[in-house]
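Structure file structure.cif; described as mmCIF, C-alpha atoms and all ligand atoms.
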```cif
data_run
loop_
_atom_site.label_atom_id
_atom_site.label_comp_id
_atom_site.auth_asym_id
_atom_site.auth_seq_id
_atom_site.Cartn_x
_atom_site.Cartn_y
_atom_site.Cartn_z
CA VAL A 109 -8.06 -3.22 -33.54
CA LYS A 110 -8.07 -6.26 -35.79
CA ILE A 111 -9.96 -9.05 -34.06
CA LEU A 112 -8.32 -12.37 -34.81
CA GLU A 113 -11.07 -14.94 -34.35
CA PRO A 114 -11.79 -16.89 -32.35
CA GLU A 115 -10.37 -15.46 -29.11
CA SER A 116 -12.63 -15.90 -26.13
CA ILE A 117 -12.00 -14.28 -22.75
CA LEU A 118 -13.12 -15.79 -19.45
CA VAL A 119 -13.30 -13.23 -16.63
CA TYR A 120 -13.39 -14.81 -13.18
CA SER A 121 -13.90 -13.12 -9.84
CA LYS A 122 -15.29 -14.75 -6.73
CA TYR A 123 -16.70 -11.37 -5.79
CA ARG A 124 -20.06 -11.36 -7.59
CA HIS A 125 -20.53 -7.62 -7.04
CA ASP A 126 -17.34 -6.87 -9.00
CA LEU A 127 -18.40 -8.68 -12.19
CA PRO A 128 -20.90 -6.07 -13.47
CA ARG A 129 -18.22 -3.42 -12.92
CA PHE A 130 -15.69 -5.39 -14.97
CA GLU A 131 -18.34 -6.09 -17.60
CA LYS A 132 -19.22 -2.41 -17.96
CA ILE A 133 -15.58 -1.46 -18.64
CA LEU A 134 -14.65 -4.45 -20.83
CA ALA A 135 -17.81 -4.41 -22.96
CA GLN A 136 -17.31 -0.71 -23.71
CA SER A 137 -13.57 -0.94 -24.34
CA LEU A 138 -13.45 -4.22 -26.28
CA PRO A 139 -16.52 -4.20 -28.56
CA GLY A 140 -16.92 -7.37 -30.59
CA VAL A 141 -14.68 -9.46 -28.36
CA ASP A 142 -16.27 -12.61 -26.93
CA ILE A 143 -16.15 -12.20 -23.12
CA LYS A 144 -17.75 -14.52 -20.56
CA TYR A 145 -18.07 -13.81 -16.84
CA ALA A 146 -18.17 -16.27 -13.95
CA ASP A 147 -18.23 -15.95 -10.15
CA THR A 148 -18.11 -19.65 -9.19
CA PRO A 149 -16.00 -22.55 -10.48
CA GLU A 150 -19.22 -24.24 -11.70
CA ASN A 151 -20.17 -21.20 -13.79
CA ALA A 152 -16.62 -20.88 -15.11
CA GLU A 153 -16.39 -24.51 -16.23
CA ARG A 154 -19.14 -23.93 -18.79
CA TYR A 155 -16.74 -21.66 -20.70
CA PHE A 156 -13.56 -23.76 -20.48
CA ALA A 157 -13.97 -25.33 -23.94
CA ASP A 158 -13.83 -21.96 -25.77
CA ALA A 159 -11.64 -19.81 -23.54
CA THR A 160 -8.25 -18.73 -24.90
CA ILE A 161 -7.63 -15.95 -22.35
CA LEU A 162 -8.26 -16.10 -18.60
CA TYR A 163 -8.49 -12.85 -16.62
CA GLY A 164 -9.07 -13.67 -13.00
CA TRP A 165 -8.16 -13.95 -9.39
CA GLY A 166 -8.57 -16.69 -6.81
CA PHE A 167 -8.92 -19.55 -9.28
CA PRO A 168 -7.15 -22.90 -8.70
CA ALA A 169 -3.94 -23.54 -10.65
CA ALA A 170 -5.49 -26.86 -11.77
CA TRP A 171 -7.66 -24.87 -14.20
CA LEU A 172 -4.63 -24.17 -16.37
CA ARG A 173 -4.65 -27.78 -17.61
CA GLN A 174 -8.43 -27.95 -17.86
CA ILE A 175 -8.83 -25.11 -20.37
CA PRO A 176 -7.66 -26.74 -23.61
CA ARG A 177 -7.21 -23.62 -25.79
CA LEU A 178 -5.72 -21.42 -23.06
CA ARG A 179 -2.87 -19.21 -24.35
CA TRP A 180 -2.69 -16.32 -21.91
CA VAL A 181 -3.54 -15.75 -18.24
CA GLN A 182 -3.66 -12.30 -16.62
CA LYS A 183 -3.97 -12.18 -12.85
CA MET A 184 -6.24 -9.38 -11.63
CA GLY A 185 -3.85 -8.94 -8.69
CA ALA A 186 -0.12 -8.23 -8.55
CA GLY A 187 0.90 -11.53 -6.87
CA VAL A 188 1.21 -14.83 -8.73
CA ASP A 189 2.58 -17.08 -5.96
CA ASP A 190 -0.63 -19.16 -5.87
CA LEU A 191 0.03 -20.36 -9.43
CA MET A 192 3.79 -20.93 -9.30
CA SER A 193 4.05 -24.41 -7.78
CA GLU A 194 1.69 -25.89 -10.39
CA TRP A 195 2.56 -23.70 -13.36
CA PRO A 196 2.41 -25.90 -16.51
CA THR A 197 5.85 -25.20 -17.96
CA ASP A 198 5.21 -27.79 -20.70
CA LEU A 199 2.30 -25.74 -22.08
CA GLU A 200 2.75 -22.51 -24.02
CA ILE A 201 0.77 -20.19 -21.80
CA GLU A 202 1.85 -16.60 -21.20
CA LEU A 203 1.38 -15.16 -17.69
CA THR A 204 0.89 -11.49 -16.93
CA ARG A 205 -0.15 -9.73 -13.74
CA THR A 206 -1.76 -6.45 -12.88
CA ASP A 207 0.47 -3.39 -12.91
CA GLY A 208 1.38 -2.97 -9.22
CA LYS A 209 1.35 0.83 -9.64
CA LEU A 210 -2.46 0.62 -9.95
CA ILE A 211 -2.68 -0.77 -6.42
CA ALA A 212 0.34 0.97 -4.90
CA ALA A 213 -1.14 4.28 -3.73
CA ARG A 214 -3.61 2.63 -1.35
CA MET A 215 -0.91 0.29 -0.01
CA ALA A 216 1.48 3.16 0.61
CA GLU A 217 -1.26 4.95 2.57
CA TYR A 218 -1.77 1.81 4.66
CA VAL A 219 1.95 1.65 5.50
CA LEU A 220 1.96 5.33 6.47
CA ALA A 221 -1.13 4.81 8.65
CA MET A 222 0.57 1.92 10.50
CA ILE A 223 3.73 3.97 11.03
CA LEU A 224 1.76 6.95 12.37
CA ASP A 225 -0.26 4.66 14.63
CA HIS A 226 2.73 2.95 16.23
CA ASN A 227 5.75 5.22 15.80
CA LEU A 228 3.86 8.42 16.64
CA GLN A 229 2.18 6.46 19.46
CA ILE A 230 -1.42 7.08 18.50
CA ASP A 231 -2.07 3.55 19.78
CA ARG A 232 -0.61 4.54 23.16
CA ALA A 233 -2.88 7.58 23.35
CA ARG A 234 -5.92 5.33 22.85
CA VAL A 235 -4.85 3.15 25.80
CA LEU A 236 -4.48 6.27 27.98
CA GLN A 237 -7.89 7.50 26.85
CA ARG A 238 -9.57 4.24 27.79
CA ALA A 239 -7.95 4.49 31.26
CA LYS A 240 -9.04 8.19 31.55
CA THR A 241 -5.36 9.02 32.15
CA TRP A 242 -3.92 12.48 31.35
CA LYS A 243 -0.20 11.90 30.90
CA PHE A 244 2.33 13.67 28.69
CA PHE A 245 4.45 11.60 26.32
CA GLU A 246 6.73 12.65 23.49
CA MET A 247 5.03 11.47 20.33
CA GLY A 248 8.05 11.10 18.08
CA ALA A 249 8.43 12.37 14.51
CA LEU A 250 8.63 10.83 11.05
CA SER A 251 11.88 12.73 10.45
CA GLN A 252 13.51 10.68 13.24
CA LEU A 253 12.74 7.38 11.54
CA THR A 254 14.80 5.25 9.21
CA VAL A 255 12.39 3.10 7.23
CA GLY A 256 13.66 0.14 5.23
CA ILE A 257 11.58 -1.10 2.32
CA ALA A 258 12.25 -4.75 1.43
CA GLY A 259 11.10 -5.02 -2.19
CA LEU A 260 11.51 -1.90 -4.33
CA GLY A 261 9.21 -2.98 -7.15
CA GLU A 262 6.16 -1.13 -8.36
CA ILE A 263 4.51 -1.09 -4.95
CA GLY A 264 7.62 -0.83 -2.78
CA SER A 265 8.93 2.16 -4.72
CA GLU A 266 5.61 3.98 -4.28
CA VAL A 267 5.76 3.26 -0.53
CA ALA A 268 9.32 4.68 -0.54
CA ARG A 269 8.20 7.79 -2.45
CA LEU A 270 5.38 8.59 -0.03
CA LEU A 271 7.47 7.98 3.10
CA ARG A 272 10.33 10.09 1.80
CA ASN A 273 7.92 12.90 0.97
CA VAL A 274 6.63 12.96 4.56
CA GLY A 275 10.15 13.22 5.94
CA CYS A 276 11.30 9.67 6.72
CA HIS A 277 14.83 8.57 5.93
CA VAL A 278 14.22 5.70 3.49
CA VAL A 279 16.51 2.84 2.46
CA GLY A 280 15.73 -0.24 0.38
CA TRP A 281 16.54 -3.89 -0.26
CA ARG A 282 16.03 -5.75 -3.52
CA ARG A 283 17.37 -8.59 -5.66
CA SER A 284 18.79 -6.59 -8.56
CA GLU A 285 21.04 -3.55 -8.89
CA ALA A 286 18.19 -1.47 -10.38
CA GLU A 287 18.01 2.17 -9.26
CA CYS A 288 15.21 3.58 -7.11
CA GLU A 289 15.21 7.37 -6.92
CA PHE A 290 13.18 7.43 -3.68
CA VAL A 291 15.70 5.72 -1.39
CA SER A 292 18.98 7.11 -0.12
CA ARG A 293 20.64 3.70 -0.18
CA THR A 294 19.89 0.30 -1.71
CA PHE A 295 21.13 -3.04 -0.34
CA VAL A 296 21.22 -5.83 -2.89
CA GLY A 297 20.84 -9.57 -2.46
CA ALA A 298 20.38 -12.08 0.35
CA GLU A 299 23.83 -11.50 1.84
CA ARG A 300 23.06 -7.78 2.46
CA LEU A 301 19.68 -8.29 4.14
CA GLY A 302 21.08 -8.21 7.68
CA ASP A 303 23.07 -5.04 6.96
CA PHE A 304 19.90 -3.46 5.59
CA ALA A 305 17.65 -4.48 8.50
CA CYS A 306 20.01 -3.60 11.38
CA GLY A 307 19.82 0.15 10.66
CA CYS A 308 16.04 0.47 10.44
CA ASP A 309 13.42 1.62 12.96
CA VAL A 310 10.69 0.32 10.64
CA VAL A 311 11.07 -2.59 8.21
CA VAL A 312 8.35 -2.75 5.54
CA LEU A 313 7.97 -5.97 3.53
CA VAL A 314 6.65 -5.54 -0.03
CA LEU A 315 8.00 -8.80 -1.41
CA PRO A 316 6.50 -11.49 -3.61
CA LEU A 317 6.42 -15.02 -2.17
CA THR A 318 8.95 -17.13 -4.06
CA VAL A 319 11.28 -20.05 -3.29
CA ASP A 320 13.92 -17.41 -2.44
CA THR A 321 11.80 -15.21 -0.16
CA ARG A 322 9.86 -17.89 1.77
CA LYS A 323 10.50 -17.58 5.55
CA THR A 324 13.38 -15.16 4.91
CA PHE A 325 12.30 -13.23 8.00
CA ASN A 326 13.07 -15.76 10.72
CA SER A 327 14.84 -15.84 14.12
CA GLU A 328 18.25 -15.58 12.51
CA MET A 329 17.23 -12.43 10.65
CA PHE A 330 15.27 -10.92 13.56
CA ALA A 331 18.46 -11.24 15.65
CA ARG A 332 20.00 -8.65 13.28
CA PHE A 333 17.11 -6.18 13.76
CA LYS A 334 17.45 -3.08 15.94
CA PRO A 335 15.74 -3.60 19.32
CA ALA A 336 12.07 -2.50 19.18
CA THR A 337 11.78 -2.52 15.38
CA HIS A 338 8.34 -2.01 13.86
CA LEU A 339 7.74 -4.70 11.22
CA VAL A 340 5.05 -4.01 8.57
CA ASN A 341 4.10 -6.71 6.07
CA VAL A 342 1.92 -5.92 3.03
CA GLY A 343 3.48 -8.39 0.56
CA ARG A 344 2.85 -12.04 1.41
CA GLY A 345 2.64 -13.75 4.81
CA GLY A 346 4.84 -16.67 3.78
CA VAL A 347 7.99 -14.50 3.71
CA ILE A 348 7.85 -14.48 7.53
CA ASP A 349 8.37 -17.46 9.85
CA GLU A 350 5.33 -16.67 11.99
CA ASN A 351 6.42 -18.75 15.02
CA ASP A 352 9.74 -16.93 15.02
CA LEU A 353 7.90 -13.60 14.78
CA VAL A 354 5.85 -14.38 17.90
CA ALA A 355 9.11 -15.20 19.74
CA ALA A 356 10.74 -11.95 18.50
CA LEU A 357 7.69 -9.95 19.70
CA ASP A 358 7.81 -11.65 23.08
CA ASP A 359 11.56 -10.98 23.34
CA GLY A 360 11.11 -7.28 22.47
CA ILE A 361 13.29 -7.44 19.34
CA ILE A 362 10.17 -6.44 17.48
CA ALA A 363 7.97 -3.91 19.28
CA ARG A 364 5.06 -4.11 16.88
CA ALA A 365 4.05 -6.18 13.87
CA SER A 366 1.50 -4.56 11.53
CA LEU A 367 0.31 -7.36 9.29
CA ASP A 368 -2.09 -7.43 6.34
CA VAL A 369 -1.02 -10.83 4.97
CA PHE A 370 -0.52 -14.26 6.57
CA SER A 371 0.87 -17.64 5.63
CA GLN A 372 -2.64 -19.06 5.98
CA GLU A 373 -5.64 -16.92 5.02
CA PRO A 374 -8.16 -16.56 6.54
CA LEU A 375 -5.99 -16.45 9.67
CA PRO A 376 -7.03 -19.48 11.81
CA VAL A 377 -9.10 -18.48 14.86
CA ASN A 378 -6.58 -20.06 17.25
CA HIS A 379 -3.58 -18.20 15.76
CA PRO A 380 -1.58 -16.30 18.44
CA PHE A 381 -1.55 -13.11 16.30
CA TRP A 382 -5.25 -12.42 17.00
CA GLN A 383 -4.73 -11.75 20.71
CA HIS A 384 -1.10 -10.63 20.71
CA PRO A 385 -0.80 -7.15 22.28
CA LYS A 386 2.02 -6.20 19.88
CA VAL A 387 0.23 -7.24 16.68
CA ALA A 388 -2.05 -4.96 14.64
CA LEU A 389 -3.66 -7.01 11.90
CA THR A 390 -6.00 -6.46 8.96
CA PRO A 391 -7.60 -9.18 6.79
CA HIS A 392 -5.63 -8.72 3.51
CA VAL A 393 -7.39 -5.48 2.62
CA CYS A 394 -4.65 -2.96 1.96
CA GLY A 395 -4.37 -3.50 -1.81
CA PRO A 396 -7.91 -4.12 -3.06
CA LEU A 397 -8.54 -4.96 -6.72
CA ILE A 398 -10.86 -2.12 -7.67
CA PRO A 399 -12.27 -2.99 -11.14
CA GLU A 400 -12.11 0.62 -12.36
CA ASP A 401 -8.43 0.77 -11.29
CA VAL A 402 -7.18 -2.52 -12.73
CA ALA A 403 -9.38 -3.31 -15.78
CA PRO A 404 -7.91 -0.58 -18.07
CA HIS A 405 -4.51 -2.32 -17.85
CA PHE A 406 -6.09 -5.58 -18.99
CA VAL A 407 -7.87 -3.77 -21.84
CA ALA A 408 -4.54 -2.35 -23.03
CA ASN A 409 -3.00 -5.81 -22.87
CA VAL A 410 -5.89 -7.38 -24.82
CA LYS A 411 -5.45 -4.77 -27.55
CA ALA A 412 -1.72 -5.55 -27.66
CA TYR A 413 -2.43 -9.30 -27.73
CA LEU A 414 -4.91 -8.99 -30.58
CA ALA A 415 -2.44 -6.85 -32.50
CA GLY A 416 0.34 -9.39 -31.96
CA GLN A 417 2.35 -6.99 -29.81
CA PRO A 418 4.19 -7.78 -26.55
CA LEU A 419 2.16 -7.77 -23.33
CA SER A 420 3.01 -5.59 -20.36
CA HIS A 421 3.80 -7.08 -16.92
CA THR A 422 4.81 -10.51 -18.09
CA VAL A 423 5.83 -12.77 -15.22
CA ASP A 424 9.20 -14.50 -15.39
CA VAL A 425 8.05 -17.93 -14.22
CA SER A 426 11.65 -19.06 -13.59
CA ARG A 427 12.14 -16.37 -10.87
CA GLN A 428 8.47 -16.61 -9.75
CA TYR A 429 7.60 -12.91 -9.93
N1 LIG B 1 -1.65 -6.95 0.62
C1 LIG B 1 -2.21 -6.80 -0.56
O1 LIG B 1 -3.42 -6.56 -0.67
C2 LIG B 1 -1.35 -6.90 -1.81
C3 LIG B 1 -1.80 -6.29 -2.99
C4 LIG B 1 -0.99 -6.33 -4.12
C5 LIG B 1 0.24 -6.97 -4.08
N2 LIG B 1 0.65 -7.58 -2.94
C6 LIG B 1 1.96 -8.25 -2.90
O2 LIG B 1 2.99 -7.30 -3.16
C7 LIG B 1 4.01 -7.94 -3.93
C8 LIG B 1 4.88 -6.92 -4.64
O3 LIG B 1 4.16 -6.35 -5.73
P1 LIG B 1 4.90 -5.44 -6.84
O4 LIG B 1 3.90 -5.08 -7.86
O5 LIG B 1 5.65 -4.36 -6.17
O6 LIG B 1 5.93 -6.51 -7.41
P2 LIG B 1 7.29 -6.26 -8.24
O7 LIG B 1 7.18 -4.98 -9.00
O8 LIG B 1 7.56 -7.52 -8.96
O9 LIG B 1 8.39 -6.04 -7.10
C9 LIG B 1 8.88 -7.09 -6.32
C10 LIG B 1 10.11 -6.57 -5.58
O10 LIG B 1 10.60 -7.62 -4.74
C11 LIG B 1 12.01 -7.77 -4.97
N3 LIG B 1 12.42 -9.16 -4.77
C12 LIG B 1 11.87 -10.28 -5.30
N4 LIG B 1 12.54 -11.37 -4.91
C13 LIG B 1 13.55 -10.94 -4.11
C14 LIG B 1 14.60 -11.58 -3.41
N5 LIG B 1 14.75 -12.91 -3.45
N6 LIG B 1 15.44 -10.82 -2.69
C15 LIG B 1 15.31 -9.46 -2.64
N7 LIG B 1 14.32 -8.79 -3.28
C16 LIG B 1 13.45 -9.52 -4.02
C17 LIG B 1 12.21 -7.37 -6.41
O11 LIG B 1 13.57 -7.04 -6.62
P3 LIG B 1 14.07 -6.48 -8.07
O12 LIG B 1 13.35 -5.19 -8.28
O13 LIG B 1 15.53 -6.28 -7.85
O14 LIG B 1 13.71 -7.53 -9.08
C18 LIG B 1 11.25 -6.19 -6.52
O15 LIG B 1 11.87 -5.02 -6.08
C19 LIG B 1 3.23 -8.87 -4.84
O16 LIG B 1 4.05 -9.95 -5.27
C20 LIG B 1 2.10 -9.34 -3.96
O17 LIG B 1 2.46 -10.56 -3.34
C21 LIG B 1 -0.11 -7.56 -1.80
#
```

Show the structure stored in the file as structure tokens.
Ligand SMILES: NC(=O)c1ccc[n+]([C@@H]2O[C@H](COP(=O)([O-])OP(=O)(O)OC[C@H]3O[C@@H](n4cnc5c(N)ncnc54)[C@H](OP(=O)(O)O)[C@@H]3O)[C@@H](O)[C@H]2O)c1
Amino acid sequence: VKILEPESILVYSKYRHDLPRFEKILAQSLPGVDIKYADTPENAERYFADATILYGWGFPAAWLRQIPRLRWVQKMGAGVDDLMSEWPTDLEIELTRTDGKLIAARMAEYVLAMILDHNLQIDRARVLQRAKTWKFFEMGALSQLTVGIAGLGEIGSEVARLLRNVGCHVVGWRRSEAECEFVSRTFVGAERLGDFACGCDVVVLVLPLTVDTRKTFNSEMFARFKPATHLVNVGRGGVIDENDLVAALDDGIIARASLDVFSQEPLPVNHPFWQHPKVALTPHVCGPLIPEDVAPHFVANVKAYLAGQPLSHTVDVSRQY
């Protein structure tokens, strides 16, 4: 690799325990490259003057204008919605994100776990156990379920693959006409969303948050759902109108919402989801950024960057994902 001086990488993670793990991989894989590490905004600011590349997660979009030599940003995660509203389109900064496939396997397992818990009624068995009640019920079977995956990108297609392999009937919804070999049918575009949702027992959201997807799942859309649908959201909370979701749960249109992501995180303590009997929630944990999983993709991109080659997983800022 030809090192074109003077590139300087700033690696930022608010999780202090992750930094030595990133450092171990990056120092070994990119010898001779100037790399600084920071776990607080104060520590990061010391490196702003030199940094040309920012590899990070959870940093404010305002930084993009405060780092004068910045040419390329790679998000450690797969989502970029936090940067979109303030993205400096007047500056020549390239944006890439982590390869969703590196996070997808864990997220697909989470979706399967939520489906087993609700649709095979493991949650019901726990209630019976607590009441010391011995009562037969028919558990259900994955082969009886039609699961719709909204968002057939890198993560959504892995969710589709796993669910199909365990016997579910899987359909999908996306923006483009692209093929996905793991679904039996694909619905394309906003006008087909209702047709997609009305045939599903489980609707799984694996969508980025963009101007087009924000609050797409609202009362009007829930009215098209099959009665007692199970809604699983692992993408971004903002794609759901949360007040409308509470109403749909109370009305029985949605029997269970399994939610990992919320429009406001951390979820406020007074939010109705916490206590709602039909909500199963987790604190945005289903797709963790494990340094050993995601750093090799950044290393490959740095090598491409230094060699003047195209980067992988460039974000199209105009479509916001
Ligand atoms: N919970 C967590 O811990 C966690 C972890 C990682 C990621 N995420 C979230 O998961 C999201 C998906 O990641 P990914 O790597 O799979 O992204 P991706 O590869 O970019 O896939 C996004 C998918 O959404 C579809 N889409 C986007 N806008 C749409 C619209 N307006 N209408 C219909 N479909 C639309 C795309 O359709 P086309 O394929 O037709 O373009 C694509 O299939 C990320 O953006 C992030 O927010 C969450």

Q: Quick one: pull the distance between atom O12 of ligand LIG 1 (chain B) and atom CA of Trp281 of chain A, Å, one decimal.
A: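 Atom-to-atom, atom O12 of ligand LIG 1 (chain B) to atom CA of Trp281 of chain A, that is 8.7 Å.
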
Q: Can you pull out every residue within 9 Å of His405 of chain A, counting all atoms listed in the file, but drop anything in the same chain fewer than 5 positions away, and send it as a PyMOL selection string?
A: chain A and resi 206-207+210+410+420

(Q) So that I can see what lies close to Asp320 of chain A, please list as a ChimeraX atom specification the residues with an atom at most 12 Å from it, counting all atoms listed in the file and leaving out residues fewer than 3 positions away in the same chain. (A) /A:189,282-283,297-298,315-317,323-325,346-347,426-429

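Shortest atom-to-atom contact with Pro418 of chain A among A:Asn341, A:Thr204, A:Thr197, A:Asn351: A:Thr204, counting all atoms listed in the file.
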
Q) Given a cut-off of 8 Å, what residues near ligand LIG 1 (chain B) show up using all atoms listed in the file, put as a PyMOL selection string? A) chain A and resi 185-189+206-209+211-212+215+258-265+281-286+296-298+314-321+341-344+368-369+392-397+427+429

Output C-alpha atoms for every residue in that selection, as a PDB file, in the frame of the given file.
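As a result, selection_25.pdb now contains:
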```pdb
ATOM      1  CA  GLY A 185      -3.850  -8.940  -8.690  1.00  0.00           C
ATOM      2  CA  ALA A 186      -0.120  -8.230  -8.550  1.00  0.00           C
ATOM      3  CA  GLY A 187       0.900 -11.530  -6.870  1.00  0.00           C
ATOM      4  CA  VAL A 188       1.210 -14.830  -8.730  1.00  0.00           C
ATOM      5  CA  ASP A 189       2.580 -17.080  -5.960  1.00  0.00           C
ATOM      6  CA  THR A 206      -1.760  -6.450 -12.880  1.00  0.00           C
ATOM      7  CA  ASP A 207       0.470  -3.390 -12.910  1.00  0.00           C
ATOM      8  CA  GLY A 208       1.380  -2.970  -9.220  1.00  0.00           C
ATOM      9  CA  LYS A 209       1.350   0.830  -9.640  1.00  0.00           C
ATOM     10  CA  ILE A 211      -2.680  -0.770  -6.420  1.00  0.00           C
ATOM     11  CA  ALA A 212       0.340   0.970  -4.900  1.00  0.00           C
ATOM     12  CA  MET A 215      -0.910   0.290  -0.010  1.00  0.00           C
ATOM     13  CA  ALA A 258      12.250  -4.750   1.430  1.00  0.00           C
ATOM     14  CA  GLY A 259      11.100  -5.020  -2.190  1.00  0.00           C
ATOM     15  CA  LEU A 260      11.510  -1.900  -4.330  1.00  0.00           C
ATOM     16  CA  GLY A 261       9.210  -2.980  -7.150  1.00  0.00           C
ATOM     17  CA  GLU A 262       6.160  -1.130  -8.360  1.00  0.00           C
ATOM     18  CA  ILE A 263       4.510  -1.090  -4.950  1.00  0.00           C
ATOM     19  CA  GLY A 264       7.620  -0.830  -2.780  1.00  0.00           C
ATOM     20  CA  SER A 265       8.930   2.160  -4.720  1.00  0.00           C
ATOM     21  CA  TRP A 281      16.540  -3.890  -0.260  1.00  0.00           C
ATOM     22  CA  ARG A 282      16.030  -5.750  -3.520  1.00  0.00           C
ATOM     23  CA  ARG A 283      17.370  -8.590  -5.660  1.00  0.00           C
ATOM     24  CA  SER A 284      18.790  -6.590  -8.560  1.00  0.00           C
ATOM     25  CA  GLU A 285      21.040  -3.550  -8.890  1.00  0.00           C
ATOM     26  CA  ALA A 286      18.190  -1.470 -10.380  1.00  0.00           C
ATOM     27  CA  VAL A 296      21.220  -5.830  -2.890  1.00  0.00           C
ATOM     28  CA  GLY A 297      20.840  -9.570  -2.460  1.00  0.00           C
ATOM     29  CA  ALA A 298      20.380 -12.080   0.350  1.00  0.00           C
ATOM     30  CA  VAL A 314       6.650  -5.540  -0.030  1.00  0.00           C
ATOM     31  CA  LEU A 315       8.000  -8.800  -1.410  1.00  0.00           C
ATOM     32  CA  PRO A 316       6.500 -11.490  -3.610  1.00  0.00           C
ATOM     33  CA  LEU A 317       6.420 -15.020  -2.170  1.00  0.00           C
ATOM     34  CA  THR A 318       8.950 -17.130  -4.060  1.00  0.00           C
ATOM     35  CA  VAL A 319      11.280 -20.050  -3.290  1.00  0.00           C
ATOM     36  CA  ASP A 320      13.920 -17.410  -2.440  1.00  0.00           C
ATOM     37  CA  THR A 321      11.800 -15.210  -0.160  1.00  0.00           C
ATOM     38  CA  ASN A 341       4.100  -6.710   6.070  1.00  0.00           C
ATOM     39  CA  VAL A 342       1.920  -5.920   3.030  1.00  0.00           C
ATOM     40  CA  GLY A 343       3.480  -8.390   0.560  1.00  0.00           C
ATOM     41  CA  ARG A 344       2.850 -12.040   1.410  1.00  0.00           C
ATOM     42  CA  ASP A 368      -2.090  -7.430   6.340  1.00  0.00           C
ATOM     43  CA  VAL A 369      -1.020 -10.830   4.970  1.00  0.00           C
ATOM     44  CA  HIS A 392      -5.630  -8.720   3.510  1.00  0.00           C
ATOM     45  CA  VAL A 393      -7.390  -5.480   2.620  1.00  0.00           C
ATOM     46  CA  CYS A 394      -4.650  -2.960   1.960  1.00  0.00           C
ATOM     47  CA  GLY A 395      -4.370  -3.500  -1.810  1.00  0.00           C
ATOM     48  CA  PRO A 396      -7.910  -4.120  -3.060  1.00  0.00           C
ATOM     49  CA  LEU A 397      -8.540  -4.960  -6.720  1.00  0.00           C
ATOM     50  CA  ARG A 427      12.140 -16.370 -10.870  1.00  0.00           C
ATOM     51  CA  TYR A 429       7.600 -12.910  -9.930  1.00  0.00           C
TER      52      TYR A 429
END
```

Q: State, in Å with one decimal place, the distance from atom CA of His421 of chain A to atom CA of Tyr155 of chain A.
A: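 Interatomic distance, atom CA of His421 of chain A to atom CA of Tyr155 of chain A: 25.5 Å.
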
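Between atom CA of Pro380 of chain A and atom CA of Phe333 of chain A the separation is 21.8 Å.
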
**Q.** Using only C-alpha atoms: which of A:Cys288, A:Leu250, A:Cys306, A:Ala415 has the shortest distance to Ala221 of chain A
**A.**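 Among A:Cys288, A:Leu250, A:Cys306, A:Ala415, it is A:Leu250 that comes nearest to Ala221 of chain A.
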
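Using only C-alpha atoms, the contacts of segment 135-139 of chain A at a cut-off of 9 Å, with sequence neighbours closer than 5 positions omitted, comprise Phe130, Pro404, Val407, Val410 and Lys411 of chain A.
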
For those residues, write C-alpha atoms to a file as a CSV table (one decimal), keeping the file's coordinate frame.
```
chain,number,residue,atom,x,y,z
A,130,PHE,CA,-15.7,-5.4,-15.0
A,404,PRO,CA,-7.9,-0.6,-18.1
A,407,VAL,CA,-7.9,-3.8,-21.8
A,410,VAL,CA,-5.9,-7.4,-24.8
A,411,LYS,CA,-5.4,-4.8,-27.6
```

Grab all the atoms of segment 134-153 of chain A that the file lists, wrap them in a box along x, y and z, add 6 Å per side, and give me centre plus edge lengths in Å (one decimal) as AutoDock Vina command-line options.
```
--center_x -16.8 --center_y -12.6 --center_z -19.9 --size_x 18.7 --size_y 35.8 --size_z 33.4
```
